[in-house]
Amino acid sequence: MVIDQQSLDRLEAMLDGGPKKIVVVSHTNPDGDAIGSSLAWRRILEKKGHDARCVVPNKYPYFLDWMADISKVGVFKEDTSGEIARFIGEADLIFCLDFNLIGRLEGLGSTIEANTRAKCVLIDHHLDPPAGFDLVFSYPQECSTSYIVYKLIERYSGLAMLDYPAAEALYVGIMTDTGNFSYSNLSADLFRAVAHLVEKGVDIPFINTAIYNGFSESRVRLLGYALNDNMTVMRDYGVGFITLRESELRRFRFLPGDSEGFVNYPLSIKGVRMSAMFLETRQFIRVSLRSRGDVDVNVFARKYFGGGGHRNAAGGKSFVDMAATVEHFRAAVREFFGPAEDDRK
Ligand SMILES: [Mn+2]
């Protein structure tokens, strides 16, 4: 990927002329890429002399707790003092990382929109066309926002400014968003970037253990339960899905992030090319979708669940109960893939 000179010039113009108040915002239910890209970009902005803060709508998953600077990430939902809203109100610049619709940030979104003075810059790799930004760095073909931030740092400040904690944060984002380097959007240049992060001291076995072997016992038991009791495989379509109701989540003392990665398990079954997970929350059912090859779950998520994302990883919401959601999904699968072999006769 190449960042064009004109956008870079505009970014530099926005950041020039003395220290600025800057907010680095990422999406609801922040994942490794959201947090990793934000922490790294904030560090660069700070090194450039700016007063920069990371803010997310709700709490990040506990398996990221070990990351440098993470305790300084502002969680908008948990801030009863209004301090985060004040900081956003005073900000000169707002960077939006790893999502492209401010409307999806719920309460945090309206707080951002209330600040009409701040310029909004997007850095993202989701497919939906971005709207309402003053400057856009959107590269939907790239594996992660963290990789885009790496390329941006390379051009904007130079990689000498990338210190160990920032390199580690970017590695976490790239690793988690590529399924530990197993998805289809990997390039030789991405591995050159990763090689550079390793040169900066990134300790891969340590990070792997921290992210993938840092779960609670109840999370592992919930996974076993979800797969054994709550997974359905629609063999004729090569589709598998998992349901998790609120009562079940309570039984396993569910914490945000606990279901991270569950949706990938049906895809590990031979012949399954699309998987879904339905996670019940108080307000709606969160729908996660994954696929292999050219099965486009971005299209599926848009068409049937009012969402979107990437070709092989997308999400949406359902506002009816679990039984109705599953029925809607089954019908959607039949329509999306056409009649199965058995139905054809
Ligand atoms: Mn991402």
# chains A, B, ... in the order shown; residues from 1 in each chain; ligands from 1
call {"tool": "residues_around", "arguments": {"residues": "segment 250-259 of chain A", "least_positions_apart": "4", "cutoff": "10 Å", "atoms": "only C-alpha atoms", "output": "list of chain:residue names"}}
result
A:Asn29, A:Pro30, A:Asp31, A:Asn58, A:Lys59, A:Tyr60, A:Pro61, A:Tyr62, A:Phe63, A:Leu64, A:Phe215, A:Ser216, A:Glu217, A:Ser218, A:Arg219, A:Val220, A:Arg221, A:Leu222, A:Leu223, A:Tyr225, A:Ala226, A:Leu244, A:Arg245, A:Glu246, A:Val263, A:Met277, A:Leu279
call {"tool": "residues_near_ligand", "arguments": {"ligand": "ligand 1", "cutoff": "8 Å", "atoms": "only C-alpha atoms and all ligand atoms", "output": "list of chain:residue names"}}
result
A:Asp31, A:Gly32, A:Asp33, A:Ala34, A:Asp98, A:Phe99, A:Asp124, A:His125, A:His126, A:Cys143, A:Ser144, A:Thr145, A:Ser146, A:Gly173, A:Asp177
call {"tool": "closest_residue", "arguments": {"among": "A:Leu152, A:Ile174, A:Leu249, A:Met67", "to": "Gln5 of chain A", "atoms": "only C-alpha atoms"}}
result
A:Leu152
call {"tool": "select_by_dssp", "arguments": {"residues": "segment 78-278 of chain A", "states": "helix (DSSP H, G or I)", "output": "VMD selection string"}}
result
chain A and resid 78 83 to 90 102 to 105 107 to 114 145 to 156 159 to 161 164 to 177 188 to 199 204 to 212 217 to 229 235 to 237 246 to 251 262 to 268
call {"tool": "select_by_dssp", "arguments": {"residues": "segment 195-302 of chain A", "states": "strand (DSSP E)", "output": "list in words"}}
result
Met231, Thr232, Val233, Met234, Val239, Gly240, Phe241, Ile242, Thr243, Leu244, Met274, Ser275, Ala276, Met277, Phe278, Leu279, Glu280, Ile285, Arg286, Val287, Ser288, Leu289, Arg290 and Ser291 of chain A
call {"tool": "write_last_selection", "arguments": {"atoms": "N, CA and C atoms", "output": "PDB file, in the first residue's frame"}}
result
ATOM      1  N   MET A 231     -23.859 -25.465  19.006  1.00  0.00           N
ATOM      2  CA  MET A 231     -23.406 -25.284  17.626  1.00  0.00           C
ATOM      3  C   MET A 231     -24.279 -26.121  16.686  1.00  0.00           C
ATOM      4  N   THR A 232     -24.707 -25.490  15.607  1.00  0.00           N
ATOM      5  CA  THR A 232     -25.488 -26.178  14.577  1.00  0.00           C
ATOM      6  C   THR A 232     -24.693 -26.138  13.281  1.00  0.00           C
ATOM      7  N   VAL A 233     -24.641 -27.241  12.574  1.00  0.00           N
ATOM      8  CA  VAL A 233     -23.977 -27.258  11.273  1.00  0.00           C
ATOM      9  C   VAL A 233     -25.017 -27.554  10.197  1.00  0.00           C
ATOM     10  N   MET A 234     -25.154 -26.617   9.266  1.00  0.00           N
ATOM     11  CA  MET A 234     -26.046 -26.829   8.111  1.00  0.00           C
ATOM     12  C   MET A 234     -25.185 -27.427   7.011  1.00  0.00           C
ATOM     13  N   VAL A 239     -22.381 -24.343   6.283  1.00  0.00           N
ATOM     14  CA  VAL A 239     -22.529 -23.226   7.210  1.00  0.00           C
ATOM     15  C   VAL A 239     -22.648 -23.760   8.638  1.00  0.00           C
ATOM     16  N   GLY A 240     -21.939 -23.142   9.561  1.00  0.00           N
ATOM     17  CA  GLY A 240     -22.068 -23.525  10.964  1.00  0.00           C
ATOM     18  C   GLY A 240     -22.357 -22.294  11.796  1.00  0.00           C
ATOM     19  N   PHE A 241     -23.129 -22.461  12.876  1.00  0.00           N
ATOM     20  CA  PHE A 241     -23.367 -21.289  13.734  1.00  0.00           C
ATOM     21  C   PHE A 241     -23.518 -21.664  15.198  1.00  0.00           C
ATOM     22  N   ILE A 242     -23.244 -20.689  16.049  1.00  0.00           N
ATOM     23  CA  ILE A 242     -23.287 -20.860  17.502  1.00  0.00           C
ATOM     24  C   ILE A 242     -24.231 -19.815  18.084  1.00  0.00           C
ATOM     25  N   THR A 243     -25.054 -20.220  19.051  1.00  0.00           N
ATOM     26  CA  THR A 243     -25.899 -19.251  19.758  1.00  0.00           C
ATOM     27  C   THR A 243     -25.451 -19.163  21.215  1.00  0.00           C
ATOM     28  N   LEU A 244     -25.490 -17.976  21.766  1.00  0.00           N
ATOM     29  CA  LEU A 244     -25.217 -17.806  23.197  1.00  0.00           C
ATOM     30  C   LEU A 244     -26.231 -16.836  23.784  1.00  0.00           C
ATOM     31  N   MET A 274     -18.712 -20.901   5.858  1.00  0.00           N
ATOM     32  CA  MET A 274     -19.220 -19.686   6.522  1.00  0.00           C
ATOM     33  C   MET A 274     -19.667 -20.043   7.927  1.00  0.00           C
ATOM     34  N   SER A 275     -19.347 -19.168   8.881  1.00  0.00           N
ATOM     35  CA  SER A 275     -19.808 -19.420  10.240  1.00  0.00           C
ATOM     36  C   SER A 275     -20.399 -18.151  10.827  1.00  0.00           C
ATOM     37  N   ALA A 276     -21.255 -18.366  11.819  1.00  0.00           N
ATOM     38  CA  ALA A 276     -21.907 -17.231  12.477  1.00  0.00           C
ATOM     39  C   ALA A 276     -21.975 -17.482  13.964  1.00  0.00           C
ATOM     40  N   MET A 277     -21.984 -16.387  14.716  1.00  0.00           N
ATOM     41  CA  MET A 277     -22.247 -16.506  16.144  1.00  0.00           C
ATOM     42  C   MET A 277     -23.282 -15.454  16.521  1.00  0.00           C
ATOM     43  N   PHE A 278     -24.237 -15.862  17.347  1.00  0.00           N
ATOM     44  CA  PHE A 278     -25.293 -14.968  17.812  1.00  0.00           C
ATOM     45  C   PHE A 278     -25.144 -14.805  19.315  1.00  0.00           C
ATOM     46  N   LEU A 279     -24.764 -13.623  19.729  1.00  0.00           N
ATOM     47  CA  LEU A 279     -24.501 -13.349  21.143  1.00  0.00           C
ATOM     48  C   LEU A 279     -25.568 -12.390  21.661  1.00  0.00           C
ATOM     49  N   GLU A 280     -26.349 -12.873  22.626  1.00  0.00           N
ATOM     50  CA  GLU A 280     -27.454 -12.066  23.139  1.00  0.00           C
ATOM     51  C   GLU A 280     -26.962 -11.034  24.156  1.00  0.00           C
ATOM     52  N   ILE A 285     -29.234  -8.817  19.636  1.00  0.00           N
ATOM     53  CA  ILE A 285     -28.346  -9.968  19.458  1.00  0.00           C
ATOM     54  C   ILE A 285     -27.224  -9.556  18.513  1.00  0.00           C
ATOM     55  N   ARG A 286     -26.000  -9.665  19.011  1.00  0.00           N
ATOM     56  CA  ARG A 286     -24.844  -9.313  18.192  1.00  0.00           C
ATOM     57  C   ARG A 286     -24.526 -10.474  17.256  1.00  0.00           C
ATOM     58  N   VAL A 287     -24.407 -10.179  15.972  1.00  0.00           N
ATOM     59  CA  VAL A 287     -24.166 -11.207  14.968  1.00  0.00           C
ATOM     60  C   VAL A 287     -22.736 -11.068  14.457  1.00  0.00           C
ATOM     61  N   SER A 288     -21.947 -12.134  14.589  1.00  0.00           N
ATOM     62  CA  SER A 288     -20.591 -12.147  14.021  1.00  0.00           C
ATOM     63  C   SER A 288     -20.553 -13.169  12.903  1.00  0.00           C
ATOM     64  N   LEU A 289     -19.875 -12.807  11.825  1.00  0.00           N
ATOM     65  CA  LEU A 289     -19.818 -13.694  10.657  1.00  0.00           C
ATOM     66  C   LEU A 289     -18.379 -13.847  10.174  1.00  0.00           C
ATOM     67  N   ARG A 290     -18.023 -15.076   9.820  1.00  0.00           N
ATOM     68  CA  ARG A 290     -16.705 -15.341   9.241  1.00  0.00           C
ATOM     69  C   ARG A 290     -16.894 -16.252   8.038  1.00  0.00           C
ATOM     70  N   SER A 291     -15.939 -16.180   7.096  1.00  0.00           N
ATOM     71  CA  SER A 291     -16.046 -17.061   5.931  1.00  0.00           C
ATOM     72  C   SER A 291     -14.669 -17.360   5.381  1.00  0.00           C
TER      73      SER A 291
END
call {"tool": "atom_distance", "arguments": {"atom1": "atom CA of Ala323 of chain A", "atom2": "atom CA of Ile269 of chain A"}}
result
24.0 Å
call {"tool": "residues_around", "arguments": {"residues": "segment 109-121 of chain A", "least_positions_apart": "2", "cutoff": "8 Å", "atoms": "only C-alpha atoms", "output": "PyMOL selection string"}}
result
chain A and resi 85+88-96+102-107+123+133-137
call {"tool": "closest_residue", "arguments": {"among": "A:Phe284, A:Tyr171, A:Tyr265, A:Tyr183", "to": "Ala313 of chain A", "atoms": "only C-alpha atoms"}}
result
A:Tyr183
call {"tool": "residues_around", "arguments": {"residues": "Glu199 of chain A", "least_positions_apart": "2", "cutoff": "12 Å", "atoms": "only C-alpha atoms", "output": "PyMOL selection string"}}
result
chain A and resi 159-160+162-164+167-168+171+192-197+201-204
call {"tool": "decode", "arguments": {"residues": "segment 72-102 of chain A", "atoms": "N, CA and C atoms", "output": "PDB file, in the first residue's frame"}}
result
ATOM      1  N   LYS A  72      -4.424   4.053  30.592  1.00  0.00           N
ATOM      2  CA  LYS A  72      -4.729   5.457  30.282  1.00  0.00           C
ATOM      3  C   LYS A  72      -5.811   5.595  29.206  1.00  0.00           C
ATOM      4  N   VAL A  73      -6.261   4.451  28.656  1.00  0.00           N
ATOM      5  CA  VAL A  73      -7.330   4.514  27.653  1.00  0.00           C
ATOM      6  C   VAL A  73      -8.632   4.896  28.350  1.00  0.00           C
ATOM      7  N   GLY A  74      -9.264   5.954  27.885  1.00  0.00           N
ATOM      8  CA  GLY A  74     -10.513   6.410  28.489  1.00  0.00           C
ATOM      9  C   GLY A  74     -11.689   5.568  28.015  1.00  0.00           C
ATOM     10  N   VAL A  75     -12.452   5.040  28.962  1.00  0.00           N
ATOM     11  CA  VAL A  75     -13.650   4.261  28.617  1.00  0.00           C
ATOM     12  C   VAL A  75     -14.858   5.166  28.829  1.00  0.00           C
ATOM     13  N   PHE A  76     -15.437   5.616  27.710  1.00  0.00           N
ATOM     14  CA  PHE A  76     -16.481   6.652  27.752  1.00  0.00           C
ATOM     15  C   PHE A  76     -17.657   6.260  28.648  1.00  0.00           C
ATOM     16  N   LYS A  77     -18.107   5.027  28.520  1.00  0.00           N
ATOM     17  CA  LYS A  77     -19.267   4.536  29.277  1.00  0.00           C
ATOM     18  C   LYS A  77     -19.032   4.557  30.785  1.00  0.00           C
ATOM     19  N   GLU A  78     -17.778   4.419  31.194  1.00  0.00           N
ATOM     20  CA  GLU A  78     -17.475   4.305  32.624  1.00  0.00           C
ATOM     21  C   GLU A  78     -17.086   5.646  33.240  1.00  0.00           C
ATOM     22  N   ASP A  79     -17.039   6.683  32.410  1.00  0.00           N
ATOM     23  CA  ASP A  79     -16.608   7.979  32.917  1.00  0.00           C
ATOM     24  C   ASP A  79     -17.802   8.781  33.441  1.00  0.00           C
ATOM     25  N   THR A  80     -17.977   8.733  34.746  1.00  0.00           N
ATOM     26  CA  THR A  80     -19.124   9.431  35.347  1.00  0.00           C
ATOM     27  C   THR A  80     -18.814  10.900  35.613  1.00  0.00           C
ATOM     28  N   SER A  81     -17.532  11.261  35.567  1.00  0.00           N
ATOM     29  CA  SER A  81     -17.137  12.635  35.889  1.00  0.00           C
ATOM     30  C   SER A  81     -17.333  13.592  34.709  1.00  0.00           C
ATOM     31  N   GLY A  82     -17.531  13.054  33.520  1.00  0.00           N
ATOM     32  CA  GLY A  82     -17.674  13.893  32.328  1.00  0.00           C
ATOM     33  C   GLY A  82     -16.352  14.437  31.817  1.00  0.00           C
ATOM     34  N   GLU A  83     -15.269  13.923  32.367  1.00  0.00           N
ATOM     35  CA  GLU A  83     -13.943  14.430  32.008  1.00  0.00           C
ATOM     36  C   GLU A  83     -13.588  14.107  30.547  1.00  0.00           C
ATOM     37  N   ILE A  84     -13.958  12.904  30.111  1.00  0.00           N
ATOM     38  CA  ILE A  84     -13.656  12.513  28.726  1.00  0.00           C
ATOM     39  C   ILE A  84     -14.442  13.407  27.756  1.00  0.00           C
ATOM     40  N   ALA A  85     -15.726  13.618  28.066  1.00  0.00           N
ATOM     41  CA  ALA A  85     -16.558  14.471  27.208  1.00  0.00           C
ATOM     42  C   ALA A  85     -15.977  15.878  27.130  1.00  0.00           C
ATOM     43  N   ARG A  86     -15.462  16.372  28.260  1.00  0.00           N
ATOM     44  CA  ARG A  86     -14.847  17.706  28.275  1.00  0.00           C
ATOM     45  C   ARG A  86     -13.629  17.739  27.370  1.00  0.00           C
ATOM     46  N   PHE A  87     -12.776  16.732  27.506  1.00  0.00           N
ATOM     47  CA  PHE A  87     -11.561  16.672  26.692  1.00  0.00           C
ATOM     48  C   PHE A  87     -11.928  16.642  25.199  1.00  0.00           C
ATOM     49  N   ILE A  88     -12.942  15.840  24.866  1.00  0.00           N
ATOM     50  CA  ILE A  88     -13.380  15.761  23.463  1.00  0.00           C
ATOM     51  C   ILE A  88     -13.899  17.125  22.996  1.00  0.00           C
ATOM     52  N   GLY A  89     -14.631  17.791  23.873  1.00  0.00           N
ATOM     53  CA  GLY A  89     -15.175  19.107  23.541  1.00  0.00           C
ATOM     54  C   GLY A  89     -14.107  20.140  23.247  1.00  0.00           C
ATOM     55  N   GLU A  90     -12.949  19.968  23.900  1.00  0.00           N
ATOM     56  CA  GLU A  90     -11.861  20.940  23.735  1.00  0.00           C
ATOM     57  C   GLU A  90     -10.872  20.540  22.646  1.00  0.00           C
ATOM     58  N   ALA A  91     -11.046  19.337  22.084  1.00  0.00           N
ATOM     59  CA  ALA A  91     -10.035  18.802  21.163  1.00  0.00           C
ATOM     60  C   ALA A  91      -9.965  19.601  19.863  1.00  0.00           C
ATOM     61  N   ASP A  92      -8.741  19.714  19.324  1.00  0.00           N
ATOM     62  CA  ASP A  92      -8.527  20.358  18.023  1.00  0.00           C
ATOM     63  C   ASP A  92      -8.672  19.342  16.899  1.00  0.00           C
ATOM     64  N   LEU A  93      -8.340  18.094  17.235  1.00  0.00           N
ATOM     65  CA  LEU A  93      -8.292  17.047  16.203  1.00  0.00           C
ATOM     66  C   LEU A  93      -8.810  15.741  16.778  1.00  0.00           C
ATOM     67  N   ILE A  94      -9.553  15.014  15.961  1.00  0.00           N
ATOM     68  CA  ILE A  94     -10.043  13.710  16.397  1.00  0.00           C
ATOM     69  C   ILE A  94      -9.660  12.674  15.342  1.00  0.00           C
ATOM     70  N   PHE A  95      -8.900  11.663  15.776  1.00  0.00           N
ATOM     71  CA  PHE A  95      -8.570  10.561  14.880  1.00  0.00           C
ATOM     72  C   PHE A  95      -9.513   9.410  15.159  1.00  0.00           C
ATOM     73  N   CYS A  96     -10.126   8.865  14.108  1.00  0.00           N
ATOM     74  CA  CYS A  96     -11.024   7.727  14.232  1.00  0.00           C
ATOM     75  C   CYS A  96     -10.344   6.513  13.628  1.00  0.00           C
ATOM     76  N   LEU A  97     -10.074   5.515  14.440  1.00  0.00           N
ATOM     77  CA  LEU A  97      -9.296   4.368  13.992  1.00  0.00           C
ATOM     78  C   LEU A  97     -10.103   3.073  14.008  1.00  0.00           C
ATOM     79  N   ASP A  98     -10.008   2.320  12.934  1.00  0.00           N
ATOM     80  CA  ASP A  98     -10.557   0.963  12.833  1.00  0.00           C
ATOM     81  C   ASP A  98     -12.085   0.904  12.792  1.00  0.00           C
ATOM     82  N   PHE A  99     -12.728   1.973  12.354  1.00  0.00           N
ATOM     83  CA  PHE A  99     -14.178   1.958  12.081  1.00  0.00           C
ATOM     84  C   PHE A  99     -14.416   3.158  11.191  1.00  0.00           C
ATOM     85  N   ASN A 100     -15.596   3.257  10.589  1.00  0.00           N
ATOM     86  CA  ASN A 100     -15.760   4.434   9.725  1.00  0.00           C
ATOM     87  C   ASN A 100     -17.128   5.108   9.810  1.00  0.00           C
ATOM     88  N   LEU A 101     -17.856   4.819  10.867  1.00  0.00           N
ATOM     89  CA  LEU A 101     -19.138   5.492  11.039  1.00  0.00           C
ATOM     90  C   LEU A 101     -19.249   6.017  12.463  1.00  0.00           C
ATOM     91  N   ILE A 102     -19.150   7.329  12.617  1.00  0.00           N
ATOM     92  CA  ILE A 102     -19.194   7.913  13.959  1.00  0.00           C
ATOM     93  C   ILE A 102     -20.529   7.566  14.632  1.00  0.00           C
TER      94      ILE A 102
END
